[in-house]
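Enquirer: My structure is stored as entry_11.cif, with mmCIF, C-alpha atoms.
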data_coords
#
loop_
_atom_site.label_atom_id
_atom_site.label_comp_id
_atom_site.auth_asym_id
_atom_site.auth_seq_id
_atom_site.Cartn_x
_atom_site.Cartn_y
_atom_site.Cartn_z
CA MET D 1 44.63 122.46 22.12
CA ASP D 2 42.15 125.05 20.95
CA THR D 3 43.04 128.72 21.30
CA MET D 4 41.41 131.31 23.52
CA ARG D 5 39.70 132.80 20.49
CA ASP D 6 38.39 129.36 19.46
CA ARG D 7 36.35 129.43 22.67
CA PHE D 8 34.76 132.78 21.90
CA ALA D 9 32.13 131.73 19.33
CA PRO D 10 30.80 128.61 21.10
CA VAL D 11 30.64 130.36 24.46
CA MET D 12 28.88 133.38 23.00
CA THR D 13 26.45 131.11 21.13
CA GLU D 14 25.51 129.48 24.44
CA LEU D 15 25.12 132.83 26.16
CA LEU D 16 22.96 134.20 23.35
CA ASP D 17 20.69 131.15 23.67
CA GLU D 18 20.50 131.42 27.45
CA ASP D 19 20.17 135.16 28.06
CA PRO D 20 17.92 137.42 25.94
CA ARG D 21 19.85 140.42 27.23
CA VAL D 22 23.13 139.37 25.55
CA ALA D 23 24.05 140.80 22.14
CA VAL D 24 27.18 140.49 20.00
CA VAL D 25 28.54 143.19 17.71
CA LEU D 26 31.21 142.32 15.13
CA ALA D 27 33.23 144.22 12.55
CA GLU D 28 33.62 141.33 10.04
CA ILE D 29 36.21 139.55 12.20
CA GLY D 30 34.69 136.41 13.75
CA ARG D 31 31.47 136.38 11.75
CA ASP D 32 31.86 132.82 10.44
CA GLY D 33 32.02 131.31 13.91
CA LEU D 34 28.78 133.04 14.87
CA ALA D 35 26.89 132.35 11.64
CA GLU D 36 24.50 129.85 13.25
CA ALA D 37 23.96 132.13 16.24
CA ALA D 38 23.17 134.98 13.85
CA ARG D 39 20.55 132.83 12.13
CA ARG D 40 18.93 132.04 15.47
CA HIS D 41 19.24 135.56 16.89
CA PRO D 42 19.37 137.99 13.95
CA ASP D 43 18.39 140.92 16.16
CA ARG D 44 21.22 140.27 18.64
CA VAL D 45 24.16 139.31 16.41
CA ILE D 46 25.10 142.40 14.43
CA ASN D 47 27.94 142.76 11.93
CA VAL D 48 28.68 146.42 11.16
CA GLY D 49 31.33 145.66 8.54
CA ILE D 50 34.81 147.13 8.59
CA ARG D 51 33.70 150.10 10.69
CA GLU D 52 35.41 149.88 14.05
CA GLN D 53 34.19 153.25 15.31
CA LEU D 54 30.64 152.14 14.52
CA LEU D 55 31.33 148.86 16.34
CA ILE D 56 31.78 150.78 19.60
CA GLY D 57 28.96 153.23 18.92
CA ALA D 58 26.48 150.48 18.08
CA GLY D 59 27.49 148.56 21.19
CA ALA D 60 26.99 151.64 23.35
CA GLY D 61 23.57 152.17 21.82
CA LEU D 62 22.57 148.60 22.61
CA ALA D 63 23.79 149.06 26.18
CA LEU D 64 21.64 152.16 26.59
CA THR D 65 18.58 150.10 25.63
CA GLY D 66 19.31 147.64 28.46
CA LEU D 67 21.20 144.92 26.55
CA ARG D 68 24.59 143.48 27.52
CA PRO D 69 26.67 143.93 24.35
CA VAL D 70 29.86 141.98 23.64
CA LEU D 71 32.07 143.67 21.03
CA HIS D 72 34.73 141.63 19.23
CA THR D 73 37.57 142.22 16.81
CA PHE D 74 41.38 142.38 16.87
CA GLY D 75 42.79 144.40 19.76
CA SER D 76 44.25 147.14 17.58
CA PHE D 77 40.83 147.68 15.97
CA LEU D 78 38.91 147.36 19.23
CA VAL D 79 40.80 149.69 21.57
CA GLU D 80 43.29 151.77 19.60
CA ARG D 81 41.50 152.70 16.36
CA PRO D 82 38.12 153.62 17.94
CA PHE D 83 39.53 154.97 21.20
CA GLU D 84 37.53 158.21 21.00
CA GLN D 85 34.33 156.16 20.86
CA VAL D 86 35.50 153.97 23.75
CA LYS D 87 36.14 157.15 25.75
CA LEU D 88 32.92 158.95 24.84
CA ASP D 89 30.26 156.47 23.70
CA LEU D 90 31.01 154.02 26.51
CA GLY D 91 32.88 156.02 29.15
CA HIS D 92 31.20 159.44 29.01
CA GLN D 93 27.74 157.90 28.66
CA ASP D 94 28.52 155.36 31.39
CA ALA D 95 27.37 152.57 29.08
CA GLY D 96 28.54 149.09 30.02
CA ALA D 97 29.93 146.65 27.48
CA VAL D 98 32.34 143.73 27.16
CA LEU D 99 35.21 144.26 24.71
CA VAL D 100 36.82 140.98 23.64
CA SER D 101 40.00 141.22 21.58
CA GLY D 102 41.24 138.57 19.16
CA LEU D 103 44.98 139.17 18.95
CA GLY D 104 47.49 140.44 21.50
CA SER D 105 50.81 142.22 21.18
CA TYR D 106 52.59 140.03 18.64
CA ASP D 107 50.30 137.06 17.92
CA TRP D 108 50.22 137.45 14.14
CA PRO D 109 53.46 139.11 13.04
CA ALA D 110 52.67 138.53 9.35
CA GLY D 111 49.77 140.95 9.77
CA GLY D 112 52.22 143.73 10.54
CA PHE D 113 52.08 146.39 13.22
CA THR D 114 48.49 147.30 12.27
CA HIS D 115 47.42 143.99 13.85
CA MET D 116 49.43 144.37 17.06
CA ALA D 117 48.20 146.14 20.19
CA PRO D 118 50.92 146.22 22.86
CA GLY D 119 49.55 149.51 24.21
CA ASP D 120 45.91 148.49 24.68
CA VAL D 121 45.87 148.05 28.46
CA ALA D 122 47.95 151.20 28.99
CA LEU D 123 45.48 153.11 26.84
CA LEU D 124 42.51 151.88 28.85
CA ASP D 125 44.37 152.98 31.98
CA THR D 126 43.70 156.57 30.92
CA LEU D 127 39.97 155.94 31.45
CA ASP D 128 38.00 155.32 34.62
CA GLY D 129 36.15 152.22 35.68
CA TRP D 130 37.45 149.50 33.37
CA THR D 131 37.94 145.91 34.45
CA VAL D 132 40.67 144.14 32.46
CA HIS D 133 41.01 140.35 32.23
CA VAL D 134 44.11 138.75 30.69
CA PRO D 135 43.59 134.96 30.64
CA GLY D 136 46.53 132.62 30.20
CA HIS D 137 44.69 129.54 28.94
CA PRO D 138 41.50 128.83 26.90
CA ASP D 139 39.72 127.51 30.02
CA GLU D 140 40.57 130.73 31.85
CA ALA D 141 39.37 132.73 28.85
CA GLU D 142 36.01 130.97 28.89
CA ALA D 143 35.59 131.47 32.64
CA LEU D 144 36.52 135.15 32.48
CA LEU D 145 34.33 135.78 29.43
CA ARG D 146 31.33 134.31 31.23
CA HIS D 147 32.23 136.34 34.31
CA ALA D 148 32.47 139.53 32.24
CA VAL D 149 29.12 139.05 30.53
CA ALA D 150 27.48 138.44 33.91
CA ALA D 151 29.07 141.54 35.45
CA GLY D 152 25.98 143.72 35.43
CA ASP D 153 26.60 146.87 33.40
CA ASP D 154 30.35 147.08 33.99
CA LYS D 155 32.87 148.06 31.33
CA VAL D 156 35.13 145.05 30.82
CA TYR D 157 38.02 144.25 28.47
CA VAL D 158 38.89 140.57 27.91
CA ARG D 159 42.28 140.30 26.21
CA LEU D 160 42.59 137.04 24.28
CA SER D 161 45.86 135.85 22.75
CA VAL D 162 47.37 132.95 20.87
CA GLN D 163 50.13 132.56 23.45
CA THR D 164 48.97 130.19 26.19
CA ASN D 165 50.10 128.32 29.26
CA ALA D 166 50.01 124.52 29.26
CA GLU D 167 47.71 124.37 32.29
CA ALA D 168 44.66 126.35 33.33
CA ARG D 169 44.61 127.84 36.83
CA PRO D 170 41.60 128.77 38.99
CA VAL D 171 40.32 132.27 38.17
CA ASP D 172 37.69 134.33 39.96
CA GLY D 173 37.78 137.60 38.04
CA ALA D 174 39.39 139.50 40.90
CA ARG D 175 42.39 138.08 42.75
CA PHE D 176 45.95 137.08 41.92
CA LEU D 177 46.81 133.42 42.53
CA THR D 178 49.93 132.33 44.40
CA VAL D 179 51.55 129.61 42.28
CA ARG D 180 54.93 129.30 43.99
CA GLY D 181 56.23 130.56 47.33
CA GLY D 182 59.63 132.04 48.04
CA GLY D 183 61.49 134.44 50.30
CA SER D 184 63.67 136.64 48.09
CA GLY D 185 61.35 138.59 45.83
CA VAL D 186 57.99 138.50 44.07
CA VAL D 187 57.36 137.95 40.36
CA VAL D 188 53.89 138.76 39.02
CA ALA D 189 53.21 136.83 35.80
CA VAL D 190 50.28 138.22 33.81
CA GLY D 191 48.15 135.80 31.80
CA PRO D 192 50.15 133.75 29.28
CA MET D 193 53.47 134.83 30.82
CA LEU D 194 53.07 132.33 33.68
CA ASP D 195 54.77 129.35 32.01
CA PRO D 196 57.78 131.40 30.81
CA VAL D 197 58.10 132.92 34.30
CA LEU D 198 57.94 129.52 36.01
CA ASP D 199 60.64 128.23 33.66
CA ALA D 200 62.75 131.36 34.16
CA THR D 201 62.55 131.27 37.96
CA ARG D 202 63.10 127.54 38.44
CA GLY D 203 65.45 127.14 41.40
CA LEU D 204 65.13 130.78 42.46
CA ASP D 205 63.77 131.62 45.93
CA VAL D 206 60.92 133.84 44.70
CA THR D 207 57.16 133.96 45.05
CA VAL D 208 55.28 133.77 41.74
CA LEU D 209 51.79 135.29 41.44
CA HIS D 210 49.53 134.57 38.48
CA ALA D 211 47.48 137.63 37.47
CA THR D 212 44.54 137.12 35.11
CA THR D 213 42.58 140.17 36.25
CA VAL D 214 44.89 143.19 36.22
CA ARG D 215 42.35 145.98 36.62
CA PRO D 216 41.42 146.47 39.33
CA PHE D 217 44.97 145.60 40.39
CA ASP D 218 45.07 143.18 43.32
CA GLY D 219 47.23 145.31 45.60
CA GLU D 220 46.31 143.28 48.67
CA ALA D 221 47.76 140.09 47.16
CA LEU D 222 50.95 141.93 46.25
CA ARG D 223 51.26 143.36 49.76
CA ARG D 224 50.79 139.92 51.32
CA ALA D 225 53.38 138.40 49.02
CA THR D 226 55.96 141.11 49.66
CA GLY D 227 55.37 140.80 53.39
CA ALA D 228 56.70 137.26 53.22
CA ALA D 229 59.14 137.46 50.30
CA GLY D 230 60.50 141.00 50.50
CA ALA D 231 59.59 144.09 48.51
CA ASP D 232 61.58 143.44 45.33
CA VAL D 233 58.90 143.03 42.66
CA VAL D 234 59.11 142.03 39.00
CA LEU D 235 56.05 142.54 36.80
CA VAL D 236 56.01 140.42 33.62
CA GLU D 237 53.25 141.53 31.24
CA PRO D 238 52.47 140.40 27.65
CA TYR D 239 51.96 144.02 26.58
CA LEU D 240 53.78 147.34 26.97
CA ALA D 241 56.53 147.10 29.59
CA GLY D 242 55.76 149.03 32.74
CA THR D 243 51.98 149.18 32.21
CA SER D 244 51.25 148.09 35.80
CA THR D 245 54.22 149.61 37.62
CA ALA D 246 52.16 152.60 38.78
CA ALA D 247 49.48 150.28 40.20
CA ALA D 248 52.12 148.21 42.00
CA ASN D 249 53.81 151.36 43.33
CA ASP D 250 50.47 152.57 44.68
CA ALA D 251 49.89 149.22 46.41
CA LEU D 252 53.28 149.49 48.14
CA ALA D 253 53.29 153.26 48.67
CA ASP D 254 54.07 152.99 52.39
CA VAL D 255 56.69 150.25 51.97
CA PRO D 256 60.27 150.73 50.72
CA HIS D 257 60.34 148.69 47.52
CA ARG D 258 61.93 148.16 44.12
CA ILE D 259 59.96 147.34 40.95
CA LEU D 260 61.10 146.07 37.55
CA GLY D 261 58.54 146.17 34.75
CA LEU D 262 59.12 143.69 31.93
CA GLY D 263 57.02 143.45 28.79
CA VAL D 264 56.89 144.54 25.18
CA ALA D 265 59.45 147.23 24.40
CA ARG D 266 58.41 150.57 22.92
CA ARG D 267 60.85 150.00 20.08
CA GLU D 268 58.93 148.57 17.13
CA LEU D 269 60.19 145.33 15.60
CA ARG D 270 60.00 145.93 11.87
CA ARG D 271 60.50 142.35 10.69
CA TYR D 272 57.59 139.95 10.56
CA GLY D 273 59.22 136.77 11.89
CA THR D 274 57.21 134.48 14.14
CA MET D 275 55.46 135.02 17.46
CA GLU D 276 58.23 133.09 19.20
CA GLU D 277 60.86 135.35 17.64
CA HIS D 278 59.00 138.44 18.82
CA ILE D 279 58.75 137.00 22.33
CA ALA D 280 62.50 136.35 22.38
CA ALA D 281 63.32 139.75 20.88
CA HIS D 282 61.41 141.44 23.70
CA GLY D 283 63.24 139.31 26.26
CA LEU D 284 60.04 137.54 27.30
CA ASP D 285 61.24 133.99 26.67
CA PRO D 286 62.51 132.00 29.69
CA HIS D 287 66.16 132.73 28.88
CA GLY D 288 65.62 136.49 28.57
CA LEU D 289 63.43 136.62 31.66
CA ARG D 290 65.91 134.63 33.74
CA ARG D 291 68.75 136.97 32.82
CA ARG D 292 66.86 140.14 33.67
CA ILE D 293 65.15 138.83 36.81
CA THR D 294 68.35 137.46 38.32
CA ARG D 295 70.26 140.64 37.49
CA PHE D 296 67.56 142.70 39.25
CA LEU D 297 67.46 140.46 42.31
CA ASP D 298 71.25 140.21 42.48
CA GLY D 299 71.36 143.99 42.53
CA ALA D 300 69.06 143.98 45.55
CA ALA D 301 71.24 141.44 47.29
CA ARG D 302 74.30 143.68 46.74
CA GLY D 303 72.36 146.65 48.10
CA GLY D 304 72.10 148.46 44.79
CA SER D 305 70.10 148.44 41.55
#
What is this file in structure tokens?

Expert:
Amino acid sequence: MDTMRDRFAPVMTELLDEDPRVAVVLAEIGRDGLAEAARRHPDRVINVGIREQLLIGAGAGLALTGLRPVLHTFGSFLVERPFEQVKLDLGHQDAGAVLVSGLGSYDWPAGGFTHMAPGDVALLDTLDGWTVHVPGHPDEAEALLRHAVAAGDDKVYVRLSVQTNAEARPVDGARFLTVRGGGSGVVVAVGPMLDPVLDATRGLDVTVLHATTVRPFDGEALRRATGAAGADVVLVEPYLAGTSTAAANDALADVPHRILGLGVARRELRRYGTMEEHIAAHGLDPHGLRRRITRFLDGAARGGS
């Protein structure tokens, strides 16, 4: 199976051919895959070199001229390093762009912590007006990328990762999808966490929601699910643990509820290892998820936490 990032170059090449408003800005990363597109559209495929702040600034400038810029590099270089430019050049100027990351929280451990971005979505939460897509499969990534580029002048972040589910699910760029129904709690699995969550909750009487668009947060879907399954909610995110707990709390503000946020721990793992070892170390493998989800739900059943 190809990866989510493998889809980026061919999809963008098609969009560049089809829409004269689309432009791509790179900071070295990904240039080889877009070499042919750059030959065909030299004025709309721009490589600024290893200058991530300029990546954002150039994209904002293109947006102000009426183009729809798509900016691509690794997540840590796209959101964290040039955050001031994201805040000012895009946010303050109300310039729309599509940010497409290449690595997630722990996808390339050999690259070290400089190439990991577990705090990217939480960081964007400090800004107004961002849509955030977190696909769980290459087909979902392609659909959400096309949706993002077509989204007028909106500010959109598409978070691609190596981790993937075995099966693509329908995505519409807005709503959570109910994958499994139950009556004793709700588990929201974000993007590539769906397969581990389904494995972890096998045999448990819980509703499982698949979330591929997390901002705006689909509070209506969560409210419907808790209305049928009870208001004990577990959020499983492939980035910083607890990133969406405030959004879930807001959705259930008038309902007595309990929320457990699972994700990447704040404690840095200082050994390279493999992606699978990082997933297990953060308790995001099926075994770790099962243990923490059942402990949380058992606490509700006993009337405590």

Enquirer: Between D:Phe113, D:Phe74, D:Trp130, D:Trp108, single out the one closest to D:Lys87, counting all atoms listed in the file.

Expert: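 With all atoms listed in the file as the atom set, the closest residue is D:Trp130.
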
Enquirer: Might you pull out every residue within 10 Å of stretch 131-144 of chain D, with all atoms listed in the file counted and same-chain residues fewer than 5 positions away left off, and present them as an NGL selection string?

Expert: :D and (1-8 or 10-12 or 98-100 or 104 or 121 or 124-125 or 149-151 or 154-174 or 189-195 or 210-217 or 237-238)

Enquirer: Provide the atom CA of D:Gly57 to atom CA of D:Thr73 distance in Å, to one decimal place.

Expert: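 Separation between atom CA of D:Gly57 and atom CA of D:Thr73: 14.1 Å.
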
Enquirer: Please compute the atom CA of D:Arg51-atom CA of D:Val79 distance, one decimal, in Å.

Expert: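 Computed distance, atom CA of D:Arg51 to atom CA of D:Val79, equals 13.0 Å.
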
Enquirer: Pull out every residue that the PyMOL selection byres ((chain D and resi 48-50) around 8) matches in the shown coordinates and put them as a ChimeraX atom specification.

Expert: /D:25-28,46-47,51-52,54-55

Enquirer: For the residues in the current selection, export C-alpha atoms as a short mmCIF file (atom, residue, chain, number, x, y, z; two decimals), keeping the file's coordinate frame.

Expert:
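Okay, result-v5.cif is ready:
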data_model
loop_
_atom_site.label_atom_id
_atom_site.label_comp_id
_atom_site.auth_asym_id
_atom_site.auth_seq_id
_atom_site.Cartn_x
_atom_site.Cartn_y
_atom_site.Cartn_z
CA VAL D 25 28.54 143.19 17.71
CA LEU D 26 31.21 142.32 15.13
CA ALA D 27 33.23 144.22 12.55
CA GLU D 28 33.62 141.33 10.04
CA ILE D 46 25.10 142.40 14.43
CA ASN D 47 27.94 142.76 11.93
CA ARG D 51 33.70 150.10 10.69
CA GLU D 52 35.41 149.88 14.05
CA LEU D 54 30.64 152.14 14.52
CA LEU D 55 31.33 148.86 16.34
#

Enquirer: So, counting only C-alpha atoms, which residue among D:Met116, D:Ala63, D:Leu252, D:Ala110 is closest to D:Leu78?

Expert: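 Using only C-alpha atoms, D:Leu78 sits closest to D:Met116.
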
Enquirer: With distances taken over all atoms listed in the file, which residue among D:Leu284, D:Leu240, D:Ala248, D:Leu15 lies nearest D:Gly219?

Expert: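 Counting all atoms listed in the file, the residue closest to D:Gly219 is D:Ala248.
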
Enquirer: Would you kindly return, as a PyMOL selection string, each protein, DNA or RNA residue with an atom no farther than 7 Å from any atom of D:Asp218, considering only C-alpha atoms and excluding same-chain residues fewer than 2 positions away?

Expert: chain D and resi 175-176+216+220-222

Enquirer: Which residues come within 7 Å of stretch 232-236 of chain D, counting all atoms listed in the file, excluding same-chain residues fewer than 4 positions away, as a PDB file with C-alpha atoms, in the coordinates of the input?

Expert:
ATOM      1  CA  GLY D 185      61.350 138.590  45.830  1.00  0.00           C
ATOM      2  CA  VAL D 186      57.990 138.500  44.070  1.00  0.00           C
ATOM      3  CA  VAL D 187      57.360 137.950  40.360  1.00  0.00           C
ATOM      4  CA  VAL D 188      53.890 138.760  39.020  1.00  0.00           C
ATOM      5  CA  ALA D 189      53.210 136.830  35.800  1.00  0.00           C
ATOM      6  CA  VAL D 190      50.280 138.220  33.810  1.00  0.00           C
ATOM      7  CA  MET D 193      53.470 134.830  30.820  1.00  0.00           C
ATOM      8  CA  HIS D 257      60.340 148.690  47.520  1.00  0.00           C
ATOM      9  CA  ARG D 258      61.930 148.160  44.120  1.00  0.00           C
ATOM     10  CA  ILE D 259      59.960 147.340  40.950  1.00  0.00           C
ATOM     11  CA  LEU D 260      61.100 146.070  37.550  1.00  0.00           C
ATOM     12  CA  GLY D 261      58.540 146.170  34.750  1.00  0.00           C
ATOM     13  CA  LEU D 262      59.120 143.690  31.930  1.00  0.00           C
ATOM     14  CA  GLY D 263      57.020 143.450  28.790  1.00  0.00           C
TER      15      GLY D 263
END

Enquirer: Which of these residues is nearest to D:Leu64, using all atoms listed in the file: D:Val24, D:Leu90, D:Ala95, D:Leu177?

Expert: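 Comparing D:Val24, D:Leu90, D:Ala95, D:Leu177 against D:Leu64, the winner is D:Ala95.
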
Enquirer: Counting all atoms listed in the file, find the residues whose atoms lie at most 8 Å from (20.0, 141.7, 19.4) (file coordinates) and write them out as JSON, numbers by chain.

Expert: {"D": [21, 22, 23, 24, 41, 42, 43, 44, 45, 46, 67]}

Enquirer: Which value, in Å to one decimal, gives the distance between atom CA of D:Thr201 and atom CA of D:Ile293?

Expert: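 Computed distance, atom CA of D:Thr201 to atom CA of D:Ile293, equals 8.1 Å.
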
Enquirer: Give me, as a VMD selection string, all polymer residues having an atom no more than 10 Å from D:Asp199, counting all atoms listed in the file and skipping those fewer than 6 positions away in the same chain.

Expert: chain D and resid 285 to 287 289 to 290

Enquirer: Can you pull out every residue within 7 Å of D:Gly183, counting only C-alpha atoms, but drop anything in the same chain fewer than 3 positions away, and send it as a ChimeraX atom specification?

Expert: /D:205-207,228-230

Enquirer: For the provided coordinates, the residues matched by the PyMOL selection byres ((chain D and resi 266) around 12) should be stated as a PyMOL selection string.

Expert: chain D and resi 105+117-119+239-243+262-265+267-269+282

Enquirer: Any chance you could work out the axis-aligned box around stretch 94-112 of chain D, listed atoms only, 4 Å on each side, giving centre and edge lengths in Å to one decimal, as JSON?

Expert:
{"center_x": 40.4, "center_y": 146.2, "center_z": 20.4, "size_x": 34.1, "size_y": 26.3, "size_z": 30.0}

Enquirer: Kindly indicate which residue among D:Phe296, D:Gly152, D:Ile56, D:Ala37 lies nearest to D:Glu18, using all atoms listed in the file for the distances.

Expert: D:Ala37

Enquirer: Measuring atom to atom with all atoms listed in the file, identify which of D:Gly182, D:Asp107, D:Pro20, D:Val70 is nearest to D:Leu209.

Expert: D:Gly182
